[in-house]
Structure formats: C-alpha cells, structure tokens
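A.B. asks: mmCIF, C-alpha atoms, saved as structure-v4.cif, coming up:
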```cif
data_target
loop_
_atom_site.group_PDB
_atom_site.id
_atom_site.type_symbol
_atom_site.label_atom_id
_atom_site.label_comp_id
_atom_site.auth_asym_id
_atom_site.auth_seq_id
_atom_site.Cartn_x
_atom_site.Cartn_y
_atom_site.Cartn_z
ATOM 1 C CA THR A 5 8.382 -7.556 24.655
ATOM 2 C CA SER A 6 4.912 -6.193 23.948
ATOM 3 C CA VAL A 7 2.321 -7.826 21.728
ATOM 4 C CA ASP A 8 0.639 -5.787 18.984
ATOM 5 C CA PRO A 9 -2.845 -7.235 18.324
ATOM 6 C CA ASP A 10 -2.936 -5.473 14.937
ATOM 7 C CA LEU A 11 -0.214 -7.715 13.522
ATOM 8 C CA ARG A 12 -2.526 -10.252 11.894
ATOM 9 C CA GLY A 13 -4.476 -10.433 8.655
ATOM 10 C CA PHE A 14 -1.731 -10.046 6.058
ATOM 11 C CA ALA A 15 -2.232 -10.621 2.320
ATOM 12 C CA GLY A 16 1.032 -11.533 0.699
ATOM 13 C CA GLY A 17 4.597 -10.509 1.135
ATOM 14 C CA CYS A 18 7.968 -10.349 -0.532
ATOM 15 C CA VAL A 19 11.676 -10.621 0.213
ATOM 16 C CA VAL A 20 14.480 -8.089 -0.230
ATOM 17 C CA GLY A 21 17.894 -9.331 0.849
ATOM 18 C CA ARG A 22 17.730 -10.875 4.304
ATOM 19 C CA HIS A 23 14.352 -9.307 5.122
ATOM 20 C CA GLY A 24 10.815 -10.448 4.475
ATOM 21 C CA PHE A 25 7.926 -7.988 4.366
ATOM 22 C CA LEU A 26 4.347 -8.835 5.374
ATOM 23 C CA VAL A 27 1.713 -6.855 3.478
ATOM 24 C CA PRO A 28 -1.096 -5.387 5.637
ATOM 25 C CA TYR A 29 -4.649 -6.124 4.549
ATOM 26 C CA LYS A 30 -7.465 -6.705 7.061
ATOM 27 C CA ASN A 31 -7.325 -7.744 10.694
ATOM 28 C CA ARG A 32 -10.884 -7.219 11.939
ATOM 29 C CA ILE A 33 -14.423 -8.039 10.792
ATOM 30 C CA GLY A 34 -16.457 -5.246 9.213
ATOM 31 C CA ASP A 35 -15.749 -2.105 7.227
ATOM 32 C CA HIS A 36 -13.145 -0.769 9.644
ATOM 33 C CA GLY A 37 -10.829 -3.781 9.723
ATOM 34 C CA PHE A 38 -8.370 -2.669 7.042
ATOM 35 C CA PHE A 39 -4.972 -1.711 8.412
ATOM 36 C CA GLY A 40 -1.605 -0.396 7.247
ATOM 37 C CA LYS A 41 1.167 -1.848 9.411
ATOM 38 C CA LEU A 42 3.967 -3.135 7.177
ATOM 39 C CA VAL A 43 6.137 -5.668 9.019
ATOM 40 C CA LYS A 44 9.851 -6.109 8.279
ATOM 41 C CA VAL A 45 11.108 -9.540 9.374
ATOM 42 C CA ASP A 46 14.786 -10.406 9.764
ATOM 43 C CA LEU A 47 14.826 -13.814 8.103
ATOM 44 C CA GLU A 48 18.195 -14.866 9.558
ATOM 45 C CA ALA A 49 17.192 -14.108 13.158
ATOM 46 C CA PHE A 50 13.530 -14.926 12.343
ATOM 47 C CA SER A 51 12.269 -11.973 14.347
ATOM 48 C CA VAL A 52 10.383 -8.757 13.704
ATOM 49 C CA ALA A 53 12.959 -6.108 12.830
ATOM 50 C CA ARG A 54 10.540 -3.185 12.568
ATOM 51 C CA VAL A 55 6.898 -2.239 12.021
ATOM 52 C CA LEU A 56 5.974 0.739 9.859
ATOM 53 C CA ASP A 57 2.456 2.087 10.452
ATOM 54 C CA LEU A 58 1.565 3.689 7.115
ATOM 55 C CA ALA A 59 -1.681 5.086 8.555
ATOM 56 C CA ARG A 60 0.477 7.513 10.563
ATOM 57 C CA LEU A 61 2.065 9.064 7.467
ATOM 58 C CA GLU A 62 1.769 12.842 7.583
ATOM 59 C CA VAL A 63 1.280 14.527 4.247
ATOM 60 C CA THR A 64 3.264 17.752 4.047
ATOM 61 C CA SER A 65 2.243 18.971 0.588
ATOM 62 C CA SER A 66 -0.685 21.358 0.607
ATOM 63 C CA SER A 67 -1.762 20.080 -2.811
ATOM 64 C CA ALA A 68 -1.852 16.424 -1.763
ATOM 65 C CA GLU A 69 -5.207 14.845 -1.036
ATOM 66 C CA ILE A 70 -3.720 11.640 0.341
ATOM 67 C CA SER A 71 -3.828 11.059 4.055
ATOM 68 C CA GLY A 72 -1.976 8.297 5.800
ATOM 69 C CA ASP A 73 -5.273 7.048 7.136
ATOM 70 C CA ALA A 74 -6.152 5.882 3.608
ATOM 71 C CA LEU A 75 -2.970 3.768 3.350
ATOM 72 C CA ARG A 76 -4.421 0.412 4.314
ATOM 73 C CA GLY A 77 -5.903 -2.723 2.770
ATOM 74 C CA PHE A 78 -3.173 -3.875 0.380
ATOM 75 C CA VAL A 79 -3.097 -7.255 -1.380
ATOM 76 C CA GLY A 80 0.365 -8.241 -2.471
ATOM 77 C CA GLY A 81 3.831 -6.824 -2.269
ATOM 78 C CA VAL A 82 6.419 -6.573 -5.005
ATOM 79 C CA SER A 83 10.165 -6.382 -4.437
ATOM 80 C CA PHE A 84 12.034 -4.140 -6.838
ATOM 81 C CA GLY A 85 15.701 -3.451 -6.107
ATOM 82 C CA LYS A 86 15.851 -1.876 -2.666
ATOM 83 C CA TYR A 87 12.118 -1.152 -2.651
ATOM 84 C CA VAL A 88 8.902 -2.873 -1.652
ATOM 85 C CA VAL A 89 5.798 -1.772 -3.536
ATOM 86 C CA LEU A 90 2.444 -2.410 -1.851
ATOM 87 C CA VAL A 91 -0.415 -3.151 -4.238
ATOM 88 C CA PRO A 92 -3.586 -1.185 -3.400
ATOM 89 C CA HIS A 93 -6.784 -3.164 -3.050
ATOM 90 C CA ARG A 94 -9.453 -2.006 -0.625
ATOM 91 C CA ASN A 95 -9.475 0.479 2.248
ATOM 92 C CA ASN A 96 -13.217 1.255 2.579
ATOM 93 C CA ARG A 97 -12.429 4.983 2.787
ATOM 94 C CA ARG A 98 -15.558 5.983 0.913
ATOM 95 C CA ASP A 99 -15.143 9.524 2.228
ATOM 96 C CA GLN A 100 -11.779 9.823 0.382
ATOM 97 C CA ASN A 101 -12.016 7.405 -2.549
ATOM 98 C CA TYR A 102 -13.357 8.502 -5.928
ATOM 99 C CA ASN A 103 -17.127 8.158 -6.306
ATOM 100 C CA MET A 104 -17.379 6.834 -2.727
ATOM 101 C CA ARG A 105 -15.752 3.534 -3.708
ATOM 102 C CA ASP A 106 -14.470 0.860 -1.328
ATOM 103 C CA HIS A 107 -11.363 0.181 -3.406
ATOM 104 C CA SER A 108 -8.128 2.116 -3.202
ATOM 105 C CA SER A 109 -5.817 3.493 -5.886
ATOM 106 C CA LEU A 110 -2.909 4.358 -3.562
ATOM 107 C CA ALA A 111 0.258 2.388 -4.337
ATOM 108 C CA VAL A 112 3.029 2.700 -1.752
ATOM 109 C CA ARG A 113 6.782 2.342 -2.335
ATOM 110 C CA VAL A 114 8.973 1.789 0.721
ATOM 111 C CA ASP A 115 12.764 2.058 0.709
ATOM 112 C CA VAL A 116 13.897 -0.969 2.736
ATOM 113 C CA ASP A 117 17.166 0.787 3.686
ATOM 114 C CA ASP A 118 15.265 3.857 4.937
ATOM 115 C CA PHE A 119 12.335 2.147 6.649
ATOM 116 C CA THR A 120 10.828 5.383 8.042
ATOM 117 C CA LEU A 121 7.669 7.364 7.391
ATOM 118 C CA GLU A 122 9.584 10.631 7.150
ATOM 119 C CA THR A 123 11.772 9.876 4.110
ATOM 120 C CA GLY A 124 11.391 6.205 3.146
ATOM 121 C CA VAL A 125 7.784 6.141 1.918
ATOM 122 C CA LYS A 126 6.414 7.407 -1.384
ATOM 123 C CA VAL A 127 2.716 7.290 -2.334
ATOM 124 C CA LEU A 128 1.414 7.211 -5.891
ATOM 125 C CA ASP A 129 -2.284 7.704 -6.612
ATOM 126 C CA LEU A 130 -2.723 5.533 -9.706
ATOM 127 C CA SER A 131 -6.097 7.113 -10.502
ATOM 128 C CA ARG A 132 -4.377 10.476 -11.093
ATOM 129 C CA VAL A 133 -1.561 9.339 -13.381
ATOM 130 C CA ALA A 134 -1.831 10.348 -17.060
ATOM 131 C CA ARG A 135 -2.203 7.267 -19.259
ATOM 132 C CA GLN A 136 0.265 6.426 -22.027
ATOM 133 C CA GLN A 137 -2.478 6.303 -24.665
ATOM 134 C CA VAL A 138 -5.052 8.493 -26.354
ATOM 135 C CA PRO A 139 -6.708 10.136 -24.565
ATOM 136 C CA ASP A 140 -3.990 10.655 -21.976
ATOM 137 C CA GLU A 141 -6.287 11.714 -19.122
ATOM 138 C CA PRO A 142 -6.070 9.870 -15.812
ATOM 139 C CA ASP A 143 -8.466 6.963 -15.252
ATOM 140 C CA THR A 144 -10.359 7.592 -12.015
ATOM 141 C CA GLU A 145 -11.648 3.995 -12.063
ATOM 142 C CA LEU A 146 -8.089 2.619 -11.764
ATOM 143 C CA ARG A 147 -8.236 0.971 -8.328
ATOM 144 C CA GLY A 148 -8.639 -2.339 -6.508
ATOM 145 C CA PHE A 149 -5.718 -4.513 -7.637
ATOM 146 C CA LEU A 150 -4.706 -8.041 -6.651
ATOM 147 C CA HIS A 151 -0.998 -8.806 -6.231
ATOM 148 C CA GLY A 152 1.541 -7.811 -8.842
ATOM 149 C CA PHE A 153 5.028 -8.403 -10.188
ATOM 150 C CA ALA A 154 8.085 -6.480 -11.360
ATOM 151 C CA ALA A 155 9.589 -6.817 -14.818
ATOM 152 C CA GLY A 156 12.327 -4.562 -16.113
ATOM 153 C CA GLU A 157 11.838 -1.148 -14.567
ATOM 154 C CA TYR A 158 8.082 -1.440 -14.071
ATOM 155 C CA VAL A 159 5.638 -2.921 -11.579
ATOM 156 C CA TYR A 160 2.493 -4.537 -12.961
ATOM 157 C CA ALA A 161 -0.702 -5.025 -10.954
ATOM 158 C CA PRO A 162 -3.776 -6.713 -12.432
ATOM 159 C CA ALA A 163 -7.183 -5.273 -11.585
ATOM 160 C CA SER A 164 -9.387 -7.361 -9.319
ATOM 161 C CA GLY A 165 -12.513 -6.863 -11.395
ATOM 162 C CA SER A 166 -14.250 -5.099 -8.506
ATOM 163 C CA PRO A 167 -15.316 -1.532 -9.319
#
```
Step by step, read the file and then write its structure as structure tokens.

C.D. replies:
Amino acid sequence: TSVDPDLRGFAGGCVVGRHGFLVPYKNRIGDHGFFGKLVKVDLEAFSVARVLDLARLEVTSSSAEISGDALRGFVGGVSFGKYVVLVPHRNNRRDQNYNMRDHSSLAVRVDVDDFTLETGVKVLDLSRVARQQVPDEPDTELRGFLHGFAAGEYVYAPASGSP
C-alpha cells in the first residue's frame, strides 16, 4: 500500500451508513495548504475505502466559473440521506473568490453511492443563489461557514464571522 502525505488536516466529518467521511481542510502551513481530498472510510473494516480529490473536478459547462482547484478548505460535513455536503470555509483562492477574498462560497454535495468526480459530485456557489427575501438578488458576501447541520430537506451552515 502507498502512503498519501496529503491525508492529514481534516476539519470534521460525518457518517452515512457504514461509511465515515473525513472533511478536507488544511494540511500544510501557509496560504497554499488548503486541500480537497475527501476520504471515505469503511467503518466495519476500519480502512480507507476511497479518496476523492475534489481539486481534480473538471467543469464541463462553458458558463461555469467554478474550477475544481477552488474546491478545498472545508470545515464540517453534513450527512443528508445518501449525500455528504461539505461546508465551504476558506480556500485562499483570491484570484477566483469574489473581491479577492480568502473565504469560499462553494458548497459540495457528494453522492456516497456514486463516489466519483464524473457523476457523483455537485457544486453550488452559495454567493450566486437568489435569496428568498426582498431584494432577491444573490449575496456575494455569502461565504466562509463553520460546520452545519441538516433539518428536514435543508442544510444549514452558520457564517464564521470572517468576511
């Protein structure tokens, strides 16, 4: 077996069925230490079942501005049915984040039965979602969350207080 030195520096996790999921946050010192390797652990065998490197996600839509390289630096994971939702916190992608911010707005939903980049991952940019209030424009400042929880058919993630 090979050792992956990136598999360290997790911030939270969750359980779906017999699998645990370790949420990728930061594994190195400095601005470039945020990473995106989601680890699926078989809890019965207590071994790594699979690693999904979200930073390798290829965006196929020409209108999308999300690159896989920005999918890193999550704090907290929420289990919801057959899905794991990763809570966006900080990715230090100032070149891609609104107003050159350190904090991310990219929530990721992973289908635990289809644990692949090709069809099992969906990305939602929270800063581009129309609000359910007046005015209904998206809030570009909506980013940098800490943990979260599911209730009913929704996932809630409190803001960290860091702009």

A.B. asks: Listing only residues of range 84-105 of chain A within 10 Å of range 36-58 of chain A, what is the closest atom pair and its distance in Å (to one decimal) for each, using only C-alpha atoms, sorted by chain and residue number ascending, as a Markdown table?

C.D. replies:
```
| residue | atom | partner | partner_atom | distance |
| --- | --- | --- | --- | --- |
| A:Leu90 | CA | A:Leu42 | CA | 9.2 |
| A:Arg94 | CA | A:Phe38 | CA | 7.8 |
| A:Asn95 | CA | A:Phe38 | CA | 5.8 |
| A:Asn96 | CA | A:His36 | CA | 7.3 |
| A:Arg97 | CA | A:His36 | CA | 9.0 |
```

A.B. asks: Which residues, protein or nucleic acid, reach to within 10 Å of (-1.2, 8.2, 7.9) in the file's coordinates when using all atoms listed in the file, and can you give that as a ChimeraX atom specification?

C.D. replies: /A:40,57-63,70-76,121

A.B. asks: Taking into account all atoms listed in the file, which residue in the set A:Ile33, A:Thr144, A:Ser164, A:Pro28 is nearest to Val112 in chain A?

C.D. replies: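 Of the candidates, the smallest distance to Val112 in chain A is held by A:Pro28.
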
A.B. asks: Take every atom of range 97-109 of chain A listed in the file, pad by 5 Å on each side, and give me the axis-aligned box centre and edge lengths in Å, one decimal, as JSON.

C.D. replies:
```
{"center_x": -11.6, "center_y": 5.0, "center_z": -1.8, "size_x": 21.6, "size_y": 19.6, "size_z": 19.1}
```

A.B. asks: Find the residues with any atom within 10 Å of (-11.5, 2.6, -2.9); use only C-alpha atoms and the coordinates as given in the file, and write the answer as a list of chain:residue names.

C.D. replies: A:Ala74, A:Gly77, A:Pro92, A:His93, A:Arg94, A:Asn95, A:Asn96, A:Arg97, A:Arg98, A:Asp99, A:Gln100, A:Asn101, A:Tyr102, A:Asn103, A:Met104, A:Arg105, A:Asp106, A:His107, A:Ser108, A:Ser109, A:Leu110, A:Glu145, A:Leu146, A:Arg147, A:Gly148, A:Ser166, A:Pro167

A.B. asks: For the atom pair CA of Val127 in chain A and CA of Ala161 in chain A, what is the interatomic distance in Å to one decimal place?

C.D. replies: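 One can read the CA of Val127 in chain A to CA of Ala161 in chain A distance as 15.4 Å.
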
A.B. asks: When you count all atoms listed in the file, which of these residues is closest to Tyr87 in chain A: A:Val116, A:Leu26, A:Ala111, A:Leu150?

C.D. replies: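 Checking each of A:Val116, A:Leu26, A:Ala111, A:Leu150 against Tyr87 in chain A, counting all atoms listed in the file, the winner is A:Val116.
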
A.B. asks: Some atoms are absent from range 119-131 of chain A, so rebuild N, CA and C atoms and return them as an mmCIF file, in the frame of the given file.

C.D. replies:
```
data_model
loop_
_atom_site.group_PDB
_atom_site.id
_atom_site.type_symbol
_atom_site.label_atom_id
_atom_site.label_comp_id
_atom_site.auth_asym_id
_atom_site.auth_seq_id
_atom_site.Cartn_x
_atom_site.Cartn_y
_atom_site.Cartn_z
ATOM 1 N N PHE A 119 13.648 2.657 6.253
ATOM 2 C CA PHE A 119 12.335 2.147 6.649
ATOM 3 C C PHE A 119 11.690 3.110 7.650
ATOM 4 N N THR A 120 11.428 4.352 7.197
ATOM 5 C CA THR A 120 10.828 5.383 8.042
ATOM 6 C C THR A 120 9.700 6.064 7.283
ATOM 7 N N LEU A 121 8.753 6.620 8.018
ATOM 8 C CA LEU A 121 7.669 7.364 7.391
ATOM 9 C C LEU A 121 8.163 8.697 6.837
ATOM 10 N N GLU A 122 9.143 9.292 7.501
ATOM 11 C CA GLU A 122 9.584 10.631 7.150
ATOM 12 C C GLU A 122 10.187 10.711 5.756
ATOM 13 N N THR A 123 11.061 9.780 5.388
ATOM 14 C CA THR A 123 11.772 9.876 4.110
ATOM 15 C C THR A 123 11.758 8.588 3.292
ATOM 16 N N GLY A 124 11.306 7.480 3.840
ATOM 17 C CA GLY A 124 11.391 6.205 3.146
ATOM 18 C C GLY A 124 10.137 5.758 2.430
ATOM 19 N N VAL A 125 9.067 6.545 2.496
ATOM 20 C CA VAL A 125 7.784 6.141 1.918
ATOM 21 C C VAL A 125 7.367 7.123 0.836
ATOM 22 N N LYS A 126 6.951 6.584 -0.307
ATOM 23 C CA LYS A 126 6.414 7.407 -1.384
ATOM 24 C C LYS A 126 5.065 6.830 -1.789
ATOM 25 N N VAL A 127 4.070 7.710 -1.973
ATOM 26 C CA VAL A 127 2.716 7.290 -2.334
ATOM 27 C C VAL A 127 2.408 7.768 -3.746
ATOM 28 N N LEU A 128 1.816 6.874 -4.530
ATOM 29 C CA LEU A 128 1.414 7.211 -5.891
ATOM 30 C C LEU A 128 -0.070 6.886 -6.050
ATOM 31 N N ASP A 129 -0.859 7.909 -6.363
ATOM 32 C CA ASP A 129 -2.284 7.704 -6.612
ATOM 33 C C ASP A 129 -2.450 7.327 -8.081
ATOM 34 N N LEU A 130 -2.654 6.050 -8.334
ATOM 35 C CA LEU A 130 -2.723 5.533 -9.706
ATOM 36 C C LEU A 130 -3.884 6.127 -10.495
ATOM 37 N N SER A 131 -4.933 6.558 -9.808
ATOM 38 C CA SER A 131 -6.097 7.113 -10.502
ATOM 39 C C SER A 131 -5.852 8.541 -10.988
#
```
